[in-house]
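**Q** protein29.tsv (TSV, C-alpha atoms and all ligand atoms) pasted underneath:
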chain	number	residue	atom	x	y	z
L	1	MET	CA	-21.89	-4.05	-6.73
L	2	LYS	CA	-23.03	-7.59	-7.49
L	3	THR	CA	-21.79	-9.18	-10.68
L	4	SER	CA	-22.63	-12.45	-12.35
L	5	ARG	CA	-18.99	-13.45	-12.79
L	6	PRO	CA	-17.68	-15.26	-9.73
L	7	ILE	CA	-14.58	-13.13	-9.18
L	8	ARG	CA	-14.56	-10.94	-6.05
L	9	ALA	CA	-12.18	-9.28	-3.67
L	10	ARG	CA	-13.19	-9.57	-0.06
L	11	ILE	CA	-11.77	-6.98	2.29
L	12	SER	CA	-11.39	-7.69	5.98
L	13	PRO	CA	-11.74	-4.64	8.25
L	14	ALA	CA	-10.67	-6.79	11.20
L	15	ALA	CA	-7.40	-7.65	9.44
L	16	ILE	CA	-6.70	-3.98	8.66
L	17	LEU	CA	-7.32	-3.09	12.30
L	18	HIS	CA	-5.13	-5.96	13.50
L	19	ASN	CA	-2.34	-4.86	11.17
L	20	TYR	CA	-2.62	-1.22	12.29
L	21	ARG	CA	-2.29	-2.40	15.88
L	22	GLN	CA	0.79	-4.37	14.86
L	23	ALA	CA	2.35	-1.16	13.52
L	24	LYS	CA	1.58	0.57	16.81
L	25	ARG	CA	2.91	-2.39	18.78
L	26	ARG	CA	6.15	-2.38	16.80
L	27	ALA	CA	6.60	1.40	17.18
L	28	PRO	CA	5.21	1.81	20.68
L	29	GLY	CA	6.16	5.42	21.33
L	30	ALA	CA	5.05	6.75	17.98
L	31	LYS	CA	1.77	7.87	16.50
L	32	ALA	CA	0.89	6.30	13.16
L	33	TRP	CA	-0.54	7.79	9.99
L	34	ALA	CA	-2.51	5.01	8.32
L	35	VAL	CA	-1.45	5.33	4.68
L	36	ILE	CA	-4.60	5.02	2.56
L	37	LYS	CA	-3.33	6.42	-0.74
L	38	ALA	CA	-4.19	4.69	-4.02
L	39	ASN	CA	-7.66	3.76	-2.79
L	40	ALA	CA	-6.06	2.17	0.29
L	41	TYR	CA	-3.74	0.13	-1.91
L	42	GLY	CA	-6.75	-1.14	-3.85
L	43	HIS	CA	-8.68	-2.15	-0.72
L	44	GLY	CA	-11.14	0.74	-0.96
L	45	GLN	CA	-10.41	4.03	0.78
L	46	TRP	CA	-13.67	4.03	2.72
L	47	ARG	CA	-13.29	0.45	3.85
L	48	ALA	CA	-9.91	1.27	5.33
L	49	VAL	CA	-11.22	4.47	6.88
L	50	GLU	CA	-14.17	2.67	8.45
L	51	ALA	CA	-11.90	-0.09	9.75
L	52	LEU	CA	-9.61	2.45	11.41
L	53	ARG	CA	-11.78	5.47	12.13
L	54	GLY	CA	-12.00	4.82	15.85
L	55	GLU	CA	-8.35	3.97	16.20
L	56	ALA	CA	-5.99	5.61	13.71
L	57	ASP	CA	-3.94	8.54	14.98
L	58	GLY	CA	-4.13	10.01	11.49
L	59	PHE	CA	-4.54	9.21	7.81
L	60	ALA	CA	-2.06	9.80	4.98
L	61	MET	CA	-3.08	10.20	1.36
L	62	LEU	CA	-2.43	12.16	-1.83
L	63	GLU	CA	-5.40	14.06	-3.21
L	64	THR	CA	-6.86	17.08	-1.46
L	65	GLU	CA	-10.39	16.23	-2.61
L	66	ASN	CA	-10.15	12.82	-0.94
L	67	ALA	CA	-8.85	14.38	2.25
L	68	VAL	CA	-11.72	16.89	2.23
L	69	ALA	CA	-14.16	14.01	1.70
L	70	LEU	CA	-12.77	12.41	4.87
L	71	ARG	CA	-13.35	15.63	6.79
L	72	GLU	CA	-16.88	15.84	5.40
L	73	ALA	CA	-17.44	12.26	6.58
L	74	GLY	CA	-16.59	13.38	10.09
L	75	ILE	CA	-12.97	12.25	10.32
L	76	THR	CA	-11.38	14.56	12.87
L	77	GLN	CA	-7.90	13.02	13.12
L	78	PRO	CA	-4.94	14.67	11.41
L	79	ILE	CA	-4.81	14.00	7.68
L	80	VAL	CA	-1.54	14.47	5.81
L	81	LEU	CA	-1.10	15.02	2.07
L	82	LEU	CA	2.00	12.99	1.19
L	83	GLU	CA	2.92	14.89	-1.98
L	84	GLY	CA	1.76	18.21	-0.61
L	85	ILE	CA	-0.26	20.76	-2.54
L	86	PHE	CA	-0.46	21.09	-6.32
L	87	SER	CA	-2.35	24.37	-6.66
L	88	ALA	CA	-3.66	27.42	-4.82
L	89	ARG	CA	-6.97	25.61	-4.56
L	90	ASP	CA	-5.25	22.84	-2.60
L	91	ALA	CA	-3.61	25.42	-0.38
L	92	ARG	CA	-6.99	26.95	0.43
L	93	ALA	CA	-8.44	23.50	1.19
L	94	VAL	CA	-5.53	22.78	3.53
L	95	VAL	CA	-6.31	25.89	5.53
L	96	GLU	CA	-10.07	25.52	5.45
L	97	HIS	CA	-10.15	21.85	6.47
L	98	GLY	CA	-7.19	21.80	8.82
L	99	LEU	CA	-5.15	19.37	6.73
L	100	THR	CA	-1.49	18.68	7.31
L	101	THR	CA	0.56	19.02	4.17
L	102	VAL	CA	3.96	17.83	3.14
L	103	ILE	CA	6.05	20.66	1.75
L	104	HIS	CA	8.92	19.28	-0.30
L	105	CYS	CA	10.32	22.19	-2.29
L	106	PRO	CA	10.61	25.98	-2.08
L	107	GLU	CA	7.99	26.50	-4.80
L	108	GLN	CA	5.44	24.55	-2.80
L	109	LEU	CA	6.22	26.52	0.34
L	110	GLU	CA	5.79	29.81	-1.50
L	111	LEU	CA	2.50	28.64	-2.98
L	112	LEU	CA	1.19	27.78	0.46
L	113	LEU	CA	2.35	30.98	2.11
L	114	ALA	CA	1.09	33.14	-0.75
L	115	THR	CA	-2.36	31.60	-0.46
L	116	ALA	CA	-2.88	31.06	3.26
L	117	PRO	CA	-3.97	34.05	5.33
L	118	ALA	CA	-1.04	35.28	7.42
L	119	ASP	CA	-2.67	34.31	10.70
L	120	ALA	CA	-3.96	30.89	9.56
L	121	PRO	CA	-2.68	27.99	11.66
L	122	LEU	CA	-0.70	25.67	9.38
L	123	SER	CA	0.48	22.13	9.92
L	124	ILE	CA	3.43	21.19	7.74
L	125	CYS	CA	5.60	18.13	7.24
L	126	LEU	CA	8.78	19.55	5.82
L	127	LYS	CA	10.29	16.81	3.69
L	128	LEU	CA	14.04	16.37	3.53
L	129	ASN	CA	15.86	14.59	0.73
L	130	THR	CA	18.28	12.31	2.53
L	131	GLY	CA	19.30	10.16	-0.42
L	132	MET	CA	16.16	8.83	-2.06
L	133	ASN	CA	16.52	11.76	-4.49
L	134	ARG	CA	12.84	11.94	-5.24
L	135	LEU	CA	11.27	14.72	-3.17
L	136	GLY	CA	12.63	16.94	-0.44
L	137	PHE	CA	14.71	19.90	0.64
L	138	THR	CA	18.47	19.68	0.56
L	139	GLU	CA	21.36	21.34	2.29
L	140	ARG	CA	21.06	24.09	-0.28
L	141	THR	CA	17.33	24.81	0.02
L	142	LEU	CA	16.55	23.92	3.63
L	143	PRO	CA	17.98	26.89	5.56
L	144	ALA	CA	15.85	29.46	3.74
L	145	ALA	CA	12.73	27.34	4.21
L	146	ARG	CA	13.38	26.96	7.91
L	147	ALA	CA	13.99	30.66	8.33
L	148	ARG	CA	10.77	31.41	6.46
L	149	LEU	CA	8.78	29.03	8.66
L	150	ALA	CA	10.37	30.22	11.90
L	151	SER	CA	8.88	33.65	11.25
L	152	LEU	CA	5.33	32.23	11.24
L	153	ALA	CA	3.85	32.09	14.72
L	154	ARG	CA	0.97	29.67	14.19
L	155	THR	CA	2.73	27.08	12.12
L	156	ASP	CA	3.35	23.58	13.38
L	157	VAL	CA	6.28	21.95	11.58
L	158	MET	CA	7.44	18.35	11.63
L	159	LEU	CA	10.52	17.16	9.72
L	160	MET	CA	10.13	14.07	7.60
L	161	THR	CA	12.05	11.94	5.16
L	162	HIS	CA	11.54	8.70	3.28
L	163	PHE	CA	13.79	5.66	3.16
L	164	ALA	CA	14.86	4.12	-0.12
L	165	GLU	CA	16.30	0.85	1.19
L	166	ALA	CA	14.67	0.13	4.54
L	167	ASP	CA	13.95	-3.37	3.24
L	168	GLY	CA	17.38	-3.90	1.75
L	169	GLU	CA	20.99	-4.46	2.64
L	170	ARG	CA	21.99	-0.84	2.79
L	171	GLY	CA	19.35	-0.16	5.42
L	172	VAL	CA	18.56	3.26	6.86
L	173	ASP	CA	21.48	4.42	8.96
L	174	TRP	CA	23.19	6.28	6.11
L	175	GLN	CA	19.97	8.22	5.51
L	176	LEU	CA	19.42	8.77	9.23
L	177	ALA	CA	22.89	10.30	9.46
L	178	ARG	CA	22.08	12.71	6.62
L	179	PHE	CA	18.75	13.49	8.25
L	180	ASN	CA	20.41	14.35	11.55
L	181	GLU	CA	22.96	16.47	9.78
L	182	LEU	CA	20.26	18.41	7.93
L	183	ALA	CA	18.07	18.70	11.03
L	184	GLY	CA	20.94	20.10	13.09
L	185	ASP	CA	19.58	21.41	16.39
L	186	TRP	CA	15.98	20.64	15.41
L	187	SER	CA	14.01	19.77	18.56
L	188	GLY	CA	10.55	19.49	16.98
L	189	LYS	CA	8.74	16.41	15.77
L	190	ARG	CA	10.05	13.92	13.22
L	191	CYS	CA	8.35	11.40	10.94
L	192	LEU	CA	10.50	8.87	9.11
L	193	ALA	CA	9.43	5.26	8.94
L	194	ASN	CA	7.44	3.34	6.32
L	195	SER	CA	6.40	-0.27	6.99
L	196	ALA	CA	9.85	-1.73	6.38
L	197	ALA	CA	11.50	0.74	8.75
L	198	ILE	CA	8.80	0.24	11.39
L	199	LEU	CA	9.40	-3.50	11.34
L	200	ARG	CA	13.16	-3.60	10.96
L	201	HIS	CA	14.69	-0.34	12.17
L	202	PRO	CA	13.41	0.79	15.57
L	203	GLN	CA	15.90	3.69	15.58
L	204	THR	CA	13.62	5.35	12.98
L	205	HIS	CA	10.38	5.32	14.95
L	206	ALA	CA	10.58	8.93	16.20
L	207	ASP	CA	7.25	10.78	16.75
L	208	TRP	CA	5.14	9.54	13.85
L	209	VAL	CA	5.38	6.52	11.55
L	210	ARG	CA	3.72	5.92	8.17
L	211	PRO	CA	2.64	2.28	7.75
L	212	GLY	CA	1.23	1.43	4.33
L	213	ILE	CA	1.67	-2.07	2.96
L	214	MET	CA	1.70	-3.71	6.38
L	215	LEU	CA	-1.84	-2.45	7.03
L	216	TYR	CA	-2.96	-4.57	4.13
L	217	GLY	CA	-1.24	-7.68	5.43
L	218	SER	CA	1.74	-7.97	3.10
L	219	SER	CA	5.39	-8.16	4.00
L	220	PRO	CA	7.70	-5.38	2.87
L	221	PHE	CA	10.56	-7.89	2.85
L	222	ALA	CA	11.37	-10.45	0.17
L	223	GLU	CA	12.76	-12.89	2.72
L	224	THR	CA	10.21	-12.63	5.55
L	225	THR	CA	6.59	-13.67	5.20
L	226	ALA	CA	3.62	-11.66	6.43
L	227	ALA	CA	2.72	-14.54	8.76
L	228	GLU	CA	6.16	-14.34	10.34
L	229	LEU	CA	5.47	-10.66	10.99
L	230	ASP	CA	2.04	-11.52	12.45
L	231	LEU	CA	0.23	-9.62	9.71
L	232	GLN	CA	-3.15	-10.79	8.42
L	233	PRO	CA	-4.13	-10.64	4.75
L	234	ALA	CA	-6.75	-7.93	4.30
L	235	MET	CA	-7.75	-8.82	0.73
L	236	THR	CA	-8.85	-12.17	-0.65
L	237	LEU	CA	-9.17	-12.36	-4.41
L	238	SER	CA	-11.34	-15.34	-5.19
L	239	SER	CA	-13.12	-16.81	-8.16
L	240	ALA	CA	-14.21	-20.20	-9.47
L	241	LEU	CA	-13.52	-22.71	-12.20
L	242	ILE	CA	-15.66	-22.05	-15.26
L	243	GLY	CA	-14.09	-24.67	-17.50
L	244	VAL	CA	-12.28	-28.00	-17.31
L	245	GLN	CA	-10.22	-29.66	-20.04
L	246	ASP	CA	-8.69	-33.14	-20.07
L	247	ILE	CA	-5.63	-32.91	-22.28
L	248	ALA	CA	-3.11	-35.44	-23.58
L	249	ALA	CA	0.64	-35.25	-23.06
L	250	GLY	CA	2.14	-32.85	-25.61
L	251	GLU	CA	-0.93	-30.58	-25.77
L	252	ARG	CA	-0.31	-26.92	-25.13
L	253	VAL	CA	-2.35	-24.47	-23.05
L	254	GLY	CA	-3.28	-20.87	-23.76
L	255	TYR	CA	-2.00	-18.04	-25.96
L	256	GLY	CA	1.38	-18.66	-27.51
L	257	GLY	CA	1.29	-22.27	-26.35
L	258	THR	CA	3.91	-21.49	-23.71
L	259	PHE	CA	2.97	-24.49	-21.58
L	260	THR	CA	3.24	-28.05	-22.93
L	261	ALA	CA	1.66	-30.84	-20.89
L	262	PRO	CA	4.39	-33.30	-19.88
L	263	ARG	CA	1.70	-35.96	-19.23
L	264	ALA	CA	-2.04	-36.33	-19.50
L	265	MET	CA	-3.48	-33.49	-17.41
L	266	ARG	CA	-6.68	-31.97	-16.16
L	267	ILE	CA	-6.75	-28.24	-16.64
L	268	GLY	CA	-9.03	-25.91	-14.70
L	269	VAL	CA	-10.00	-22.57	-16.24
L	270	VAL	CA	-10.51	-19.76	-13.72
L	271	ALA	CA	-12.62	-16.63	-14.26
L	272	CYS	CA	-9.76	-14.23	-13.54
L	273	GLY	CA	-7.44	-12.54	-16.00
L	274	TYR	CA	-5.24	-9.53	-16.41
L	275	ALA	CA	-8.28	-7.32	-16.97
L	276	ASP	CA	-9.15	-8.13	-13.36
L	277	GLY	CA	-5.68	-7.09	-12.24
L	278	TYR	CA	-4.06	-10.51	-12.09
L	279	PRO	CA	-0.51	-10.02	-13.36
L	280	ARG	CA	0.00	-11.17	-16.93
L	281	HIS	CA	3.66	-11.70	-16.12
L	282	ALA	CA	2.84	-14.47	-13.65
L	283	SER	CA	4.29	-17.42	-15.50
L	284	SER	CA	3.39	-21.11	-15.39
L	285	GLY	CA	4.03	-22.31	-11.85
L	286	THR	CA	2.47	-19.40	-9.98
L	287	PRO	CA	0.77	-20.75	-6.85
L	288	ILE	CA	-3.03	-20.85	-6.72
L	289	MET	CA	-5.52	-22.60	-4.42
L	290	VAL	CA	-8.35	-24.76	-5.72
L	291	MET	CA	-10.77	-26.36	-3.25
L	292	GLY	CA	-8.31	-26.17	-0.41
L	293	LYS	CA	-5.43	-27.63	-2.41
L	294	ARG	CA	-2.39	-25.76	-3.59
L	295	THR	CA	-1.56	-26.06	-7.28
L	296	THR	CA	-0.04	-23.86	-9.98
L	297	THR	CA	-1.10	-21.85	-12.97
L	298	VAL	CA	-0.23	-23.11	-16.44
L	299	GLY	CA	0.27	-21.08	-19.61
L	300	ARG	CA	-0.23	-17.39	-20.18
L	301	VAL	CA	-2.76	-15.35	-18.26
L	302	SER	CA	-5.40	-14.09	-20.70
L	303	MET	CA	-7.59	-11.03	-20.34
L	304	ASP	CA	-10.46	-12.77	-18.57
L	305	MET	CA	-9.19	-16.23	-17.70
L	306	LEU	CA	-6.22	-18.19	-16.54
L	307	ALA	CA	-5.56	-21.91	-16.41
L	308	CYS	CA	-4.32	-24.13	-13.61
L	309	ASP	CA	-3.33	-27.73	-13.09
L	310	ILE	CA	-6.09	-29.71	-11.37
L	311	THR	CA	-4.80	-33.16	-12.32
L	312	ASP	CA	-4.41	-34.06	-8.66
L	313	ILE	CA	-7.63	-32.37	-7.54
L	314	PRO	CA	-10.19	-34.71	-9.13
L	315	GLU	CA	-12.98	-33.35	-6.94
L	316	ALA	CA	-12.61	-29.91	-8.59
L	317	GLY	CA	-15.15	-29.33	-11.35
L	318	ILE	CA	-17.03	-26.37	-12.77
L	319	GLY	CA	-17.85	-23.97	-9.96
L	320	ALA	CA	-15.02	-25.15	-7.70
L	321	PRO	CA	-13.81	-22.26	-5.51
L	322	VAL	CA	-10.42	-20.73	-6.25
L	323	THR	CA	-8.27	-18.38	-4.18
L	324	LEU	CA	-6.00	-16.23	-6.35
L	325	TRP	CA	-4.48	-14.54	-3.31
L	326	GLY	CA	-5.38	-14.03	0.31
L	327	ARG	CA	-7.19	-16.38	2.67
L	328	GLY	CA	-10.44	-17.75	1.30
L	329	ILE	CA	-12.65	-20.82	1.34
L	330	ALA	CA	-10.38	-22.39	-1.24
L	331	GLY	CA	-7.33	-21.91	1.00
L	332	GLU	CA	-4.54	-19.41	1.43
L	333	VAL	CA	-1.85	-18.19	-0.90
L	334	THR	CA	-0.21	-14.87	-0.19
L	335	ALA	CA	-0.22	-11.93	-2.57
L	336	ASP	CA	3.52	-11.80	-1.88
L	337	GLU	CA	3.95	-15.29	-3.38
L	338	VAL	CA	1.96	-14.41	-6.49
L	339	ALA	CA	3.84	-11.13	-6.82
L	340	ALA	CA	7.21	-12.90	-6.56
L	341	ALA	CA	6.17	-15.30	-9.32
L	342	ALA	CA	5.28	-12.30	-11.49
L	343	GLY	CA	8.50	-10.43	-10.77
L	344	THR	CA	6.75	-7.68	-8.86
L	345	ILE	CA	5.59	-6.76	-5.35
L	346	SER	CA	2.19	-7.16	-3.74
L	347	TYR	CA	1.83	-3.36	-3.65
L	348	GLU	CA	1.47	-3.44	-7.42
L	349	LEU	CA	-0.99	-6.34	-7.42
L	350	PHE	CA	-3.26	-4.61	-4.93
L	351	CYS	CA	-3.13	-1.26	-6.68
L	352	ALA	CA	-3.79	-2.88	-10.05
L	353	LEU	CA	-6.98	-4.62	-8.92
L	354	ALA	CA	-9.45	-3.66	-11.62
L	355	ALA	CA	-12.59	-1.64	-11.02
L	356	ARG	CA	-14.64	-4.49	-12.51
L	357	VAL	CA	-13.82	-6.70	-9.53
L	358	PRO	CA	-16.47	-6.19	-6.86
L	359	LEU	CA	-15.11	-5.35	-3.42
L	360	GLU	CA	-17.02	-7.00	-0.62
L	361	ILE	CA	-16.60	-6.58	3.09
L	362	GLY	CA	-16.16	-9.56	5.31
L	363	ASP	CA	-13.82	-11.09	7.77
L	364	ILE	CA	-11.76	-14.00	6.68
L	401	LIG	C1	3.44	5.15	0.37
L	401	LIG	C2	4.22	5.83	1.40
L	401	LIG	C3	4.42	5.24	2.66
L	401	LIG	C4	4.00	3.84	3.00
L	401	LIG	O1	4.97	2.94	2.55
L	401	LIG	P1	4.85	1.37	2.80
L	401	LIG	O2	6.10	0.81	2.25
L	401	LIG	O3	3.65	0.93	2.04
L	401	LIG	O4	4.70	1.21	4.28
L	401	LIG	C5	5.09	5.99	3.61
L	401	LIG	N1	5.54	7.22	3.33
L	401	LIG	C6	5.38	7.82	2.13
L	401	LIG	C7	5.92	9.17	1.89
L	401	LIG	C8	4.72	7.14	1.13
L	401	LIG	O5	4.56	7.71	-0.06
In structure tokens, what does this structure look like?
Ligand SMILES: *Cc1c(COP(=O)(O)O)cnc(C)c1O

**A**
Amino acid sequence: MKTSRPIRARISPAAILHNYRQAKRRAPGAKAWAVIKANAYGHGQWRAVEALRGEADGFAMLETENAVALREAGITQPIVLLEGIFSARDARAVVEHGLTTVIHCPEQLELLLATAPADAPLSICLKLNTGMNRLGFTERTLPAARARLASLARTDVMLMTHFAEADGERGVDWQLARFNELAGDWSGKRCLANSAAILRHPQTHADWVRPGIMLYGSSPFAETTAAELDLQPAMTLSSALIGVQDIAAGERVGYGGTFTAPRAMRIGVVACGYADGYPRHASSGTPIMVMGKRTTTVGRVSMDMLACDITDIPEAGIGAPVTLWGRGIAGEVTADEVAAAAGTISYELFCALAARVPLEIGDI
């Protein structure tokens, strides 16, 4: 899709591949599901699949129809449905297309077993609730599920769980202990780690890992940058200046007049607003790159535009290139930095990228 507005998001397949290899390098004994849910965190499901098709051990996603589309596109690796099945139709698709499905509650297990032919080979990730308290079997519900599955000859079962604080102070060991307690004498495969656990908690690597955000070049940690983790930004959101205003000290900028110029200033107006997915909560002072120089936003983000301080970038006029996040011709500013300024995480920025922003492919 070509659009007349200068905003674009450029996706780098080489960066996604590099980041996948980083996950494999950090968890050397494990296979890795490349997590491509939410349209590959806004990067475009097919772009991520193409980047990794020759290399990923498997893909992880949510919707059965998307998983089937991968099969129809010739993807032969394992594909896991992270929330499992939602209907009998999903259960049939799982059997027909050889998908792996999470099973996280007794109802889901019954739905699958009621729908699948008795002799159908099934591949199941049985999810345990080890303290996240979102999805998963517990002490109370697990024994019956395991007994039910043990009676099925052609069923391949892996135990999985999800960490709530792999990036935080509490870490993972308390959840690992609960996992081991629930798993008991389990000798089959295990799948535990998200990006944060892959990077910080090697004791969680087990048989399979599930890297998501790190594939897209962001850090799962507030205090460690993606560069420090040798991750490459996979998305560059760029645009250009479409307006310039010279304003006197005391003038205000934007809706609500939340920014008052402390001195005479030059203000650049960028074709990027919250309707493009730029966070409205990013306040004055959010980093932004204009013509290779780092500056900051000023005033509120509007629907289609935002303003920045170009007082010290006199060479920047209408048409000057701007990098909102990522690594572009106007310079580099990480999505993590922008997210921090907006009180959120880069996951949300990527996923909120609006459909009106054209996605282009290209290495950075
Ligand atoms: C999204 C998701 C992941 C990936 O998490 P990141 O923090 O992005 O690495 C892993 N496992 C499950 C179950 C998920 O839903």

**Q** Out of L:Val244, L:Val157, L:Val253, L:Ile345, which residue has the shortest atom-to-atom distance to ligand LIG 401 (chain L) when counting all atoms listed in the file?

**A**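 Using all atoms listed in the file, ligand LIG 401 (chain L) sits closest to L:Ile345.
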
**Q** Quote the spacing between atom CA of Leu324 of chain L and atom CA of Leu229 of chain L in Å to one decimal place.

**A**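 Taking atom CA of Leu324 of chain L and atom CA of Leu229 of chain L, their separation equals 21.5 Å.
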
**Q** So, counting only C-alpha atoms, which residue among L:Tyr255, L:Trp186, L:Trp208, L:Tyr278 is closest to Ala30 of chain L?

**A**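 Going through L:Tyr255, L:Trp186, L:Trp208, L:Tyr278 one by one, the smallest distance to Ala30 of chain L is for L:Trp208.
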
**Q** Could you check the closest approach to Ile85 of chain L for each of L:Ile124, L:Leu231, L:Ala249, L:Leu70 and tell me which residue wins, using all atoms listed in the file?

**A**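 Of all the options, L:Ile124 lies closest to Ile85 of chain L.
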
**Q** Between L:Val270, L:Met291, L:Ile213, L:Ala307, which is the closest to ligand LIG 401 (chain L) once you count all atoms listed in the file?

**A**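 With all atoms listed in the file as the atom set, the closest residue is L:Ile213.
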
**Q** Find the residues around Pro78 of chain L up to 8 Å (all atoms listed in the file counted), leave out those fewer than 2 positions away in its own chain, and share them as JSON, numbers by chain.

**A** {"L": [57, 58, 59, 76, 80, 98, 99, 100]}

**Q** Mind giving me the axis-aligned box for ligand LIG 401 (chain L) with 5 Å on every side, centre plus edges in Å to one decimal, as lines of an AutoDock Vina configuration file?

**A**
center_x = 4.8
center_y = 5.0
center_z = 2.1
size_x = 12.7
size_y = 18.4
size_z = 14.3

**Q** Under the rule that all atoms listed in the file are counted, which of L:Arg8, L:Arg134, L:Arg47, L:Arg300 is the nearest residue to Ala282 of chain L?

**A**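 Closest to Ala282 of chain L, using all atoms listed in the file: L:Arg300.
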